[in-house]
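For reference, structure.cif is printed below; it contains mmCIF, C-alpha atoms and all ligand atoms.
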data_my_file
#
loop_
_atom_site.label_atom_id
_atom_site.label_comp_id
_atom_site.auth_asym_id
_atom_site.auth_seq_id
_atom_site.Cartn_x
_atom_site.Cartn_y
_atom_site.Cartn_z
CA MET R 155 11.66 -0.33 8.57
CA GLN R 156 11.95 0.26 12.29
CA ILE R 157 11.11 3.12 14.56
CA SER R 158 12.89 3.02 17.88
CA GLU R 159 11.77 6.13 19.74
CA PRO R 160 11.52 5.37 23.46
CA GLY R 161 8.03 4.39 24.56
CA GLN R 162 6.80 3.89 20.99
CA PRO R 163 5.86 0.46 19.66
CA ARG R 164 8.47 -0.77 17.19
CA TYR R 165 6.15 -1.27 14.27
CA GLY R 166 8.85 -2.82 12.09
CA ASP R 167 9.41 -5.64 14.61
CA GLY R 168 7.92 -9.09 13.95
CA ASP R 169 4.20 -8.92 13.32
CA THR R 170 3.66 -5.71 15.36
CA SER R 171 2.42 -3.82 12.29
CA TYR R 172 0.17 -6.66 11.16
CA GLN R 173 -1.39 -6.77 14.63
CA ALA R 174 -1.84 -2.97 14.64
CA THR R 175 -3.98 -3.21 11.50
CA GLY R 176 -6.26 -5.76 13.14
CA GLY R 177 -5.03 -8.47 10.76
CA ILE R 178 -6.23 -9.26 7.26
CA ALA R 179 -9.74 -7.84 7.80
CA GLY R 180 -8.23 -4.47 8.78
CA ILE R 181 -5.82 -4.57 5.83
CA ARG R 182 -8.70 -5.27 3.43
CA ARG R 183 -10.59 -2.27 4.85
CA LEU R 184 -7.53 -0.08 4.23
CA VAL R 185 -7.09 -1.37 0.68
CA ASP R 186 -10.79 -0.92 -0.11
CA ALA R 187 -10.58 2.68 1.13
CA PHE R 188 -7.36 3.13 -0.89
CA TYR R 189 -8.93 2.00 -4.18
CA ASP R 190 -12.12 3.97 -3.43
CA GLN R 191 -9.90 7.06 -3.18
CA MET R 192 -8.19 6.12 -6.43
CA GLU R 193 -11.57 5.94 -8.12
CA SER R 194 -12.67 9.36 -6.88
CA LEU R 195 -9.64 11.67 -6.53
CA PRO R 196 -8.96 13.77 -9.64
CA GLU R 197 -5.21 13.62 -8.82
CA ALA R 198 -5.41 9.82 -9.14
CA ALA R 199 -7.22 9.63 -12.49
CA GLU R 200 -4.02 8.78 -14.38
CA ILE R 201 -2.97 5.94 -12.09
CA ARG R 202 -6.55 4.65 -11.98
CA ALA R 203 -6.40 4.41 -15.78
CA LEU R 204 -3.29 2.17 -15.53
CA HIS R 205 -5.36 -0.43 -13.65
CA PRO R 206 -7.91 -2.88 -15.06
CA ARG R 207 -11.53 -1.69 -15.21
CA ASN R 208 -12.53 -4.18 -12.51
CA LEU R 209 -10.41 -3.63 -9.39
CA ASP R 210 -11.39 -6.80 -7.51
CA GLU R 211 -8.12 -8.60 -8.24
CA SER R 212 -6.03 -5.45 -7.65
CA ARG R 213 -7.71 -5.09 -4.24
CA ASP R 214 -7.00 -8.73 -3.38
CA LYS R 215 -3.39 -8.60 -4.58
CA LEU R 216 -2.49 -5.46 -2.62
CA SER R 217 -4.21 -6.83 0.52
CA CYS R 218 -2.38 -10.16 0.25
CA PHE R 219 0.92 -8.38 -0.37
CA LEU R 220 0.53 -6.03 2.59
CA SER R 221 -0.31 -8.96 4.88
CA GLY R 222 3.18 -10.41 4.41
CA TRP R 223 4.90 -7.04 4.14
CA LEU R 224 3.51 -6.03 7.55
CA GLY R 225 4.79 -9.22 9.14
CA GLY R 226 1.65 -11.34 8.87
CA PRO R 227 0.91 -14.42 6.72
CA LYS R 228 2.57 -14.31 3.30
CA LEU R 229 -0.73 -14.50 1.47
CA TYR R 230 0.51 -13.05 -1.83
CA ARG R 231 3.23 -15.66 -2.19
CA GLU R 232 0.81 -18.46 -1.23
CA LYS R 233 -1.84 -17.38 -3.73
CA TYR R 234 0.01 -15.66 -6.58
CA GLY R 235 3.70 -16.65 -6.20
CA PRO R 236 6.84 -14.61 -5.59
CA ILE R 237 6.85 -10.88 -6.33
CA SER R 238 9.31 -8.00 -6.53
CA ILE R 239 7.42 -4.71 -6.25
CA PRO R 240 9.80 -2.67 -8.47
CA ALA R 241 9.83 -5.41 -11.15
CA ALA R 242 6.02 -5.75 -11.04
CA HIS R 243 5.73 -2.02 -11.83
CA ALA R 244 8.65 -1.61 -14.25
CA HIS R 245 6.43 -1.67 -17.37
CA LEU R 246 4.17 1.12 -16.05
CA GLY R 247 6.57 4.06 -16.45
CA ILE R 248 5.87 5.51 -13.00
CA GLY R 249 7.17 9.04 -12.38
CA SER R 250 7.05 11.25 -9.29
CA GLN R 251 3.51 12.42 -10.11
CA GLU R 252 2.18 8.84 -10.21
CA ARG R 253 4.11 7.94 -7.04
CA ASP R 254 2.70 10.95 -5.21
CA ALA R 255 -0.86 10.20 -6.42
CA TRP R 256 -0.54 6.63 -5.10
CA LEU R 257 0.71 7.91 -1.73
CA LEU R 258 -2.09 10.52 -1.61
CA CYS R 259 -4.70 7.76 -2.00
CA MET R 260 -2.96 5.85 0.78
CA GLU R 261 -2.78 8.91 3.05
CA LYS R 262 -6.53 9.53 2.65
CA ALA R 263 -7.31 5.83 3.16
CA LEU R 264 -5.20 5.80 6.33
CA ASP R 265 -7.07 8.89 7.60
CA GLN R 266 -10.25 6.81 7.56
CA GLN R 267 -8.85 4.03 9.76
CA SER R 268 -9.32 4.07 13.53
CA TRP R 269 -5.69 3.13 14.14
CA PRO R 270 -3.18 4.93 16.39
CA GLU R 271 -1.99 8.13 14.70
CA GLY R 272 1.64 7.09 15.22
CA PHE R 273 1.02 3.87 13.34
CA LYS R 274 -0.66 5.67 10.44
CA HIS R 275 2.29 8.04 10.13
CA TYR R 276 4.72 5.16 10.33
CA LEU R 277 2.88 3.21 7.64
CA LEU R 278 2.69 6.10 5.18
CA ARG R 279 6.40 6.78 5.65
CA ALA R 280 7.25 3.10 5.32
CA LEU R 281 5.16 2.75 2.12
CA SER R 282 6.92 5.73 0.56
CA VAL R 283 10.02 3.52 0.29
CA PRO R 284 8.57 0.86 -2.10
CA ALA R 285 6.57 3.61 -3.84
CA GLU R 286 9.81 5.43 -4.64
CA ARG R 287 11.35 2.16 -5.82
CA CYS R 288 8.54 1.81 -8.39
CA ARG R 289 9.60 5.06 -10.03
CA THR R 290 11.39 4.61 -13.33
CA ARG R 291 11.43 8.20 -14.61
CA ASP R 292 11.67 11.92 -13.56
C1 LIG R 301 4.26 4.19 -6.87
C2 LIG R 301 3.03 4.21 -7.31
C3 LIG R 301 2.28 2.98 -7.75
C4 LIG R 301 1.50 2.88 -8.85
C5 LIG R 301 1.18 4.00 -9.84
C6 LIG R 301 0.99 1.52 -8.90
C7 LIG R 301 0.17 1.01 -9.88
C8 LIG R 301 -0.09 -0.32 -10.07
C9 LIG R 301 -0.75 -0.88 -11.23
C10 LIG R 301 -1.25 -0.08 -12.43
C11 LIG R 301 -0.79 -2.21 -11.07
C12 LIG R 301 -1.34 -3.24 -12.05
C13 LIG R 301 -2.70 -3.66 -11.69
C14 LIG R 301 -3.15 -4.79 -12.55
O1 LIG R 301 -2.77 -4.85 -13.75
O2 LIG R 301 -3.87 -5.62 -12.01
C15 LIG R 301 -0.19 -2.51 -9.79
C16 LIG R 301 -0.08 -3.76 -9.25
C17 LIG R 301 0.36 -4.01 -7.97
N1 LIG R 301 0.84 -3.10 -7.08
FE1 LIG R 301 1.14 -1.15 -7.45
N2 LIG R 301 1.47 0.83 -7.84
C18 LIG R 301 2.27 1.67 -7.09
C19 LIG R 301 2.91 1.36 -5.92
C20 LIG R 301 2.76 0.18 -5.23
C21 LIG R 301 3.33 -0.09 -3.93
C22 LIG R 301 4.17 0.91 -3.12
C23 LIG R 301 2.96 -1.36 -3.60
C24 LIG R 301 3.27 -2.17 -2.37
C25 LIG R 301 3.56 -1.65 -1.21
C26 LIG R 301 2.19 -1.89 -4.71
C27 LIG R 301 1.66 -3.16 -4.77
C28 LIG R 301 1.13 -3.73 -5.91
C29 LIG R 301 0.85 -5.15 -6.05
C30 LIG R 301 1.05 -6.22 -5.00
C31 LIG R 301 0.37 -5.32 -7.35
C32 LIG R 301 -0.05 -6.62 -8.03
C33 LIG R 301 1.10 -7.09 -8.91
C34 LIG R 301 0.78 -8.31 -9.71
O3 LIG R 301 0.35 -9.32 -9.14
O4 LIG R 301 0.99 -8.28 -10.92
N3 LIG R 301 2.08 -0.92 -5.67
N4 LIG R 301 0.22 -1.34 -9.21
#

What do you get writing this file as structure tokens?
Ligand code: HEM
Amino acid sequence: MQISEPGQPRYGDGDTSYQATGGIAGIRRLVDAFYDQMESLPEAAEIRALHPRNLDESRDKLSCFLSGWLGGPKLYREKYGPISIPAAHAHLGIGSQERDAWLLCMEKALDQQSWPEGFKHYLLRALSVPAERCRTRD
């Protein structure tokens, strides 16, 4: 996804987004905050229950995926193999409520990052695309 407003960084270009996160350490901080939100927000209780009790691997997998998705090293493919996000979620029966809960956790996790506001808005909007593609009902 690209944003091309004059004077704005084009976060969809090359590894611009990956660099804006501060690289894999910044992505892991975001993902940790994301899963911490999932563990505490009442709105996220149902999607939390879809995950394994121990979230260590879920944290690693999402961080590795986002690294490549943001234009950085393709860590998910290197470590876990190829992935299609809709196919990986097809068995979960995700509806609009689950999609919105996932995006709410991400919005709150992004709020905690000291990244440019424009980048945070871009990222939430960009992530709403694969989140919608995970939806199989409603
Ligand atoms: C739309 C709402 C979403 C829900 C409710 C959801 C939920 C889940 C659940 C329950 C798992 C399985 C965890 C496990 O068994 O270890 C999972 C795995 C995963 N999710 Fe999501 N997810 C959503 C959206 C997304 C999006 C938008 C992305 C990427 C941008 C994503 C990336 C991943 C990855 C990389 C995995 C690991 C897949 C694997 O290796 O099997 N998810 N998700």

Response to the item:
Residue with the minimum atom-to-atom distance to Gly176 in chain R, picked from R:Gly226, R:Met260, R:Gln191, R:Ile239 with only C-alpha atoms counted, is R:Gly226

Discussion item. Let me see if you get this right: every residue at most 8 Å from ligand LIG 301 (chain R), counting all atoms listed in the file, written as a PyMOL selection string.
Written reply: chain R and resi 201-206+209+211-212+215-220+223+230+234+237+239+242-243+246+248-250+252-257+281-289

Atoms to include: C-alpha atoms. Write the selected residues as a PDB file, in the frame of the given file.
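Below is the file that was written, part-v5.pdb:
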ATOM      1  CA  ILE R 201      -2.970   5.940 -12.090  1.00  0.00           C
ATOM      2  CA  ARG R 202      -6.550   4.650 -11.980  1.00  0.00           C
ATOM      3  CA  ALA R 203      -6.400   4.410 -15.780  1.00  0.00           C
ATOM      4  CA  LEU R 204      -3.290   2.170 -15.530  1.00  0.00           C
ATOM      5  CA  HIS R 205      -5.360  -0.430 -13.650  1.00  0.00           C
ATOM      6  CA  PRO R 206      -7.910  -2.880 -15.060  1.00  0.00           C
ATOM      7  CA  LEU R 209     -10.410  -3.630  -9.390  1.00  0.00           C
ATOM      8  CA  GLU R 211      -8.120  -8.600  -8.240  1.00  0.00           C
ATOM      9  CA  SER R 212      -6.030  -5.450  -7.650  1.00  0.00           C
ATOM     10  CA  LYS R 215      -3.390  -8.600  -4.580  1.00  0.00           C
ATOM     11  CA  LEU R 216      -2.490  -5.460  -2.620  1.00  0.00           C
ATOM     12  CA  SER R 217      -4.210  -6.830   0.520  1.00  0.00           C
ATOM     13  CA  CYS R 218      -2.380 -10.160   0.250  1.00  0.00           C
ATOM     14  CA  PHE R 219       0.920  -8.380  -0.370  1.00  0.00           C
ATOM     15  CA  LEU R 220       0.530  -6.030   2.590  1.00  0.00           C
ATOM     16  CA  TRP R 223       4.900  -7.040   4.140  1.00  0.00           C
ATOM     17  CA  TYR R 230       0.510 -13.050  -1.830  1.00  0.00           C
ATOM     18  CA  TYR R 234       0.010 -15.660  -6.580  1.00  0.00           C
ATOM     19  CA  ILE R 237       6.850 -10.880  -6.330  1.00  0.00           C
ATOM     20  CA  ILE R 239       7.420  -4.710  -6.250  1.00  0.00           C
ATOM     21  CA  ALA R 242       6.020  -5.750 -11.040  1.00  0.00           C
ATOM     22  CA  HIS R 243       5.730  -2.020 -11.830  1.00  0.00           C
ATOM     23  CA  LEU R 246       4.170   1.120 -16.050  1.00  0.00           C
ATOM     24  CA  ILE R 248       5.870   5.510 -13.000  1.00  0.00           C
ATOM     25  CA  GLY R 249       7.170   9.040 -12.380  1.00  0.00           C
ATOM     26  CA  SER R 250       7.050  11.250  -9.290  1.00  0.00           C
ATOM     27  CA  GLU R 252       2.180   8.840 -10.210  1.00  0.00           C
ATOM     28  CA  ARG R 253       4.110   7.940  -7.040  1.00  0.00           C
ATOM     29  CA  ASP R 254       2.700  10.950  -5.210  1.00  0.00           C
ATOM     30  CA  ALA R 255      -0.860  10.200  -6.420  1.00  0.00           C
ATOM     31  CA  TRP R 256      -0.540   6.630  -5.100  1.00  0.00           C
ATOM     32  CA  LEU R 257       0.710   7.910  -1.730  1.00  0.00           C
ATOM     33  CA  LEU R 281       5.160   2.750   2.120  1.00  0.00           C
ATOM     34  CA  SER R 282       6.920   5.730   0.560  1.00  0.00           C
ATOM     35  CA  VAL R 283      10.020   3.520   0.290  1.00  0.00           C
ATOM     36  CA  PRO R 284       8.570   0.860  -2.100  1.00  0.00           C
ATOM     37  CA  ALA R 285       6.570   3.610  -3.840  1.00  0.00           C
ATOM     38  CA  GLU R 286       9.810   5.430  -4.640  1.00  0.00           C
ATOM     39  CA  ARG R 287      11.350   2.160  -5.820  1.00  0.00           C
ATOM     40  CA  CYS R 288       8.540   1.810  -8.390  1.00  0.00           C
ATOM     41  CA  ARG R 289       9.600   5.060 -10.030  1.00  0.00           C
TER      42      ARG R 289
END

Worksheet item: Please, what distance in Å, to one decimal, runs between CA of Ala174 in chain R and CA of Glu193 in chain R?
Response: 26.3 Å

Worksheet entry | Pick from R:Pro196, R:Tyr189, R:Gly225, R:Asn208 nearest to Gly177 in chain R, counting only C-alpha atoms |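 Closest to Gly177 in chain R, using only C-alpha atoms: R:Gly225.
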
Practice prompt. Quick one: pull the distance between CA of Tyr172 in chain R and CA of Gly272 in chain R, Å, one decimal.
Written response: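 That distance, rounded to one decimal, is 14.4 Å.
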
Worksheet item: Restricting the calculation to all atoms listed in the file, which member of R:Ile178, R:Arg164, R:Ala244, R:Ser171 is positioned closest to Pro227 in chain R?
Response: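 Selected residue with least distance to Pro227 in chain R: R:Ile178.
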
Discussion item. Just to confirm, what's the straight-line distance from CA of Gly166 in chain R to CA of Arg279 in chain R in Å (one decimal)?
Written reply: 11.8 Å

Item to complete: Give me the residues within 12 Å of Gln173 in chain R as a list in words, counting only C-alpha atoms and dropping any in the same chain fewer than 6 places off.
Response: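 My list of contacting residues is Pro163, Arg164, Tyr165, Gly166, Asp167, Ala179, Gly180, Ile181, Ser221, Gly222, Leu224, Gly225, Gly226, Pro227, Trp269, Pro270 and Phe273 of chain R.
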
Worksheet item: Given the choices R:Leu258, R:Ala263, R:Thr290, R:Asp169, which gets closest to Ala241 in chain R if the distance is worked out from all atoms listed in the file?
Response: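 Ranking R:Leu258, R:Ala263, R:Thr290, R:Asp169 by distance to Ala241 in chain R, first place goes to R:Thr290.
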
Worksheet item: Contacts of Glu261 in chain R at 9 Å or less, counting only C-alpha atoms, minus same-chain residues fewer than 3 places along, as number ranges by chain?
Response: R: 188, 256-258, 264-266, 274-275, 278

Worksheet item: Counting only C-alpha atoms, which of R:Thr170, R:Arg213, R:Lys228, R:His245 gets nearest to Arg183 in chain R?
Response: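 Looking at the shortest contact to Arg183 in chain R, the residue is R:Arg213.
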
Worksheet entry | Of the listed residues R:Glu232, R:Val185, R:Asp210, R:Lys262, that which approaches Ala198 in chain R most closely, counting only C-alpha atoms |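 Going through R:Glu232, R:Val185, R:Asp210, R:Lys262 one by one, the smallest distance to Ala198 in chain R is for R:Lys262.
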
Selecting C-alpha atoms, how would range 161-250 of chain R from this structure be written as a tab-separated table (two decimals), in the first residue's frame?
chain	number	residue	atom	x	y	z
R	161	GLY	CA	5.84	15.97	1.45
R	162	GLN	CA	4.87	12.72	3.19
R	163	PRO	CA	7.21	9.73	3.28
R	164	ARG	CA	5.92	6.98	1.00
R	165	TYR	CA	5.70	4.28	3.61
R	166	GLY	CA	4.78	1.59	1.09
R	167	ASP	CA	8.03	2.13	-0.85
R	168	GLY	CA	10.93	-0.30	-0.40
R	169	ASP	CA	11.88	-0.72	3.24
R	170	THR	CA	10.63	2.76	4.31
R	171	SER	CA	8.07	1.24	6.69
R	172	TYR	CA	10.54	-1.25	8.13
R	173	GLN	CA	12.98	1.59	8.81
R	174	ALA	CA	10.21	3.70	10.41
R	175	THR	CA	9.60	0.95	12.98
R	176	GLY	CA	13.27	0.92	13.95
R	177	GLY	CA	13.69	-2.56	12.47
R	178	ILE	CA	12.98	-5.91	14.07
R	179	ALA	CA	13.47	-4.65	17.65
R	180	GLY	CA	10.79	-1.99	17.09
R	181	ILE	CA	8.47	-4.52	15.46
R	182	ARG	CA	8.87	-6.90	18.42
R	183	ARG	CA	7.98	-4.05	20.80
R	184	LEU	CA	4.82	-3.37	18.78
R	185	VAL	CA	3.85	-7.06	18.72
R	186	ASP	CA	4.49	-7.44	22.45
R	187	ALA	CA	2.25	-4.43	23.12
R	188	PHE	CA	-0.34	-5.89	20.71
R	189	TYR	CA	-0.55	-9.24	22.50
R	190	ASP	CA	-0.48	-7.52	25.91
R	191	GLN	CA	-3.59	-5.62	24.75
R	192	MET	CA	-5.16	-8.86	23.57
R	193	GLU	CA	-4.60	-10.35	27.00
R	194	SER	CA	-6.21	-7.43	28.82
R	195	LEU	CA	-8.96	-5.88	26.66
R	196	PRO	CA	-12.43	-7.32	27.34
R	197	GLU	CA	-13.30	-6.75	23.65
R	198	ALA	CA	-10.44	-9.10	22.72
R	199	ALA	CA	-11.32	-11.99	25.04
R	200	GLU	CA	-12.83	-14.06	22.22
R	201	ILE	CA	-9.86	-13.71	19.88
R	202	ARG	CA	-7.46	-14.31	22.77
R	203	ALA	CA	-9.26	-17.62	23.35
R	204	LEU	CA	-8.57	-18.66	19.72
R	205	HIS	CA	-4.82	-18.51	20.44
R	206	PRO	CA	-2.68	-21.02	22.33
R	207	ARG	CA	-2.31	-20.47	26.09
R	208	ASN	CA	1.36	-19.58	25.67
R	209	LEU	CA	1.72	-16.69	23.22
R	210	ASP	CA	5.51	-16.86	22.74
R	211	GLU	CA	5.30	-18.47	19.30
R	212	SER	CA	2.37	-16.26	18.23
R	213	ARG	CA	4.47	-13.20	19.18
R	214	ASP	CA	7.45	-14.49	17.20
R	215	LYS	CA	5.38	-15.45	14.16
R	216	LEU	CA	3.61	-12.08	13.88
R	217	SER	CA	6.91	-10.21	14.38
R	218	CYS	CA	8.67	-12.28	11.71
R	219	PHE	CA	5.74	-11.83	9.33
R	220	LEU	CA	5.57	-8.07	9.81
R	221	SER	CA	9.32	-7.76	9.19
R	222	GLY	CA	8.88	-8.97	5.60
R	223	TRP	CA	5.49	-7.35	5.12
R	224	LEU	CA	6.97	-3.94	5.99
R	225	GLY	CA	9.77	-4.38	3.48
R	226	GLY	CA	12.45	-5.76	5.79
R	227	PRO	CA	14.02	-9.24	5.97
R	228	LYS	CA	11.57	-12.04	5.18
R	229	LEU	CA	12.03	-13.66	8.58
R	230	TYR	CA	8.76	-15.61	8.57
R	231	ARG	CA	9.58	-17.37	5.32
R	232	GLU	CA	13.14	-18.10	6.48
R	233	LYS	CA	12.03	-19.57	9.80
R	234	TYR	CA	8.56	-21.02	9.23
R	235	GLY	CA	8.13	-21.27	5.42
R	236	PRO	CA	5.68	-19.65	3.01
R	237	ILE	CA	2.41	-18.21	4.32
R	238	SER	CA	-0.85	-16.81	2.98
R	239	ILE	CA	-2.54	-14.75	5.70
R	240	PRO	CA	-6.15	-15.50	4.60
R	241	ALA	CA	-5.40	-19.25	4.29
R	242	ALA	CA	-3.65	-19.32	7.68
R	243	HIS	CA	-6.83	-17.93	9.28
R	244	ALA	CA	-9.47	-19.74	7.21
R	245	HIS	CA	-10.18	-22.36	9.91
R	246	LEU	CA	-10.82	-19.71	12.60
R	247	GLY	CA	-14.21	-18.44	11.38
R	248	ILE	CA	-13.31	-14.76	11.74
R	249	GLY	CA	-16.22	-12.30	11.51
R	250	SER	CA	-16.31	-8.51	11.65
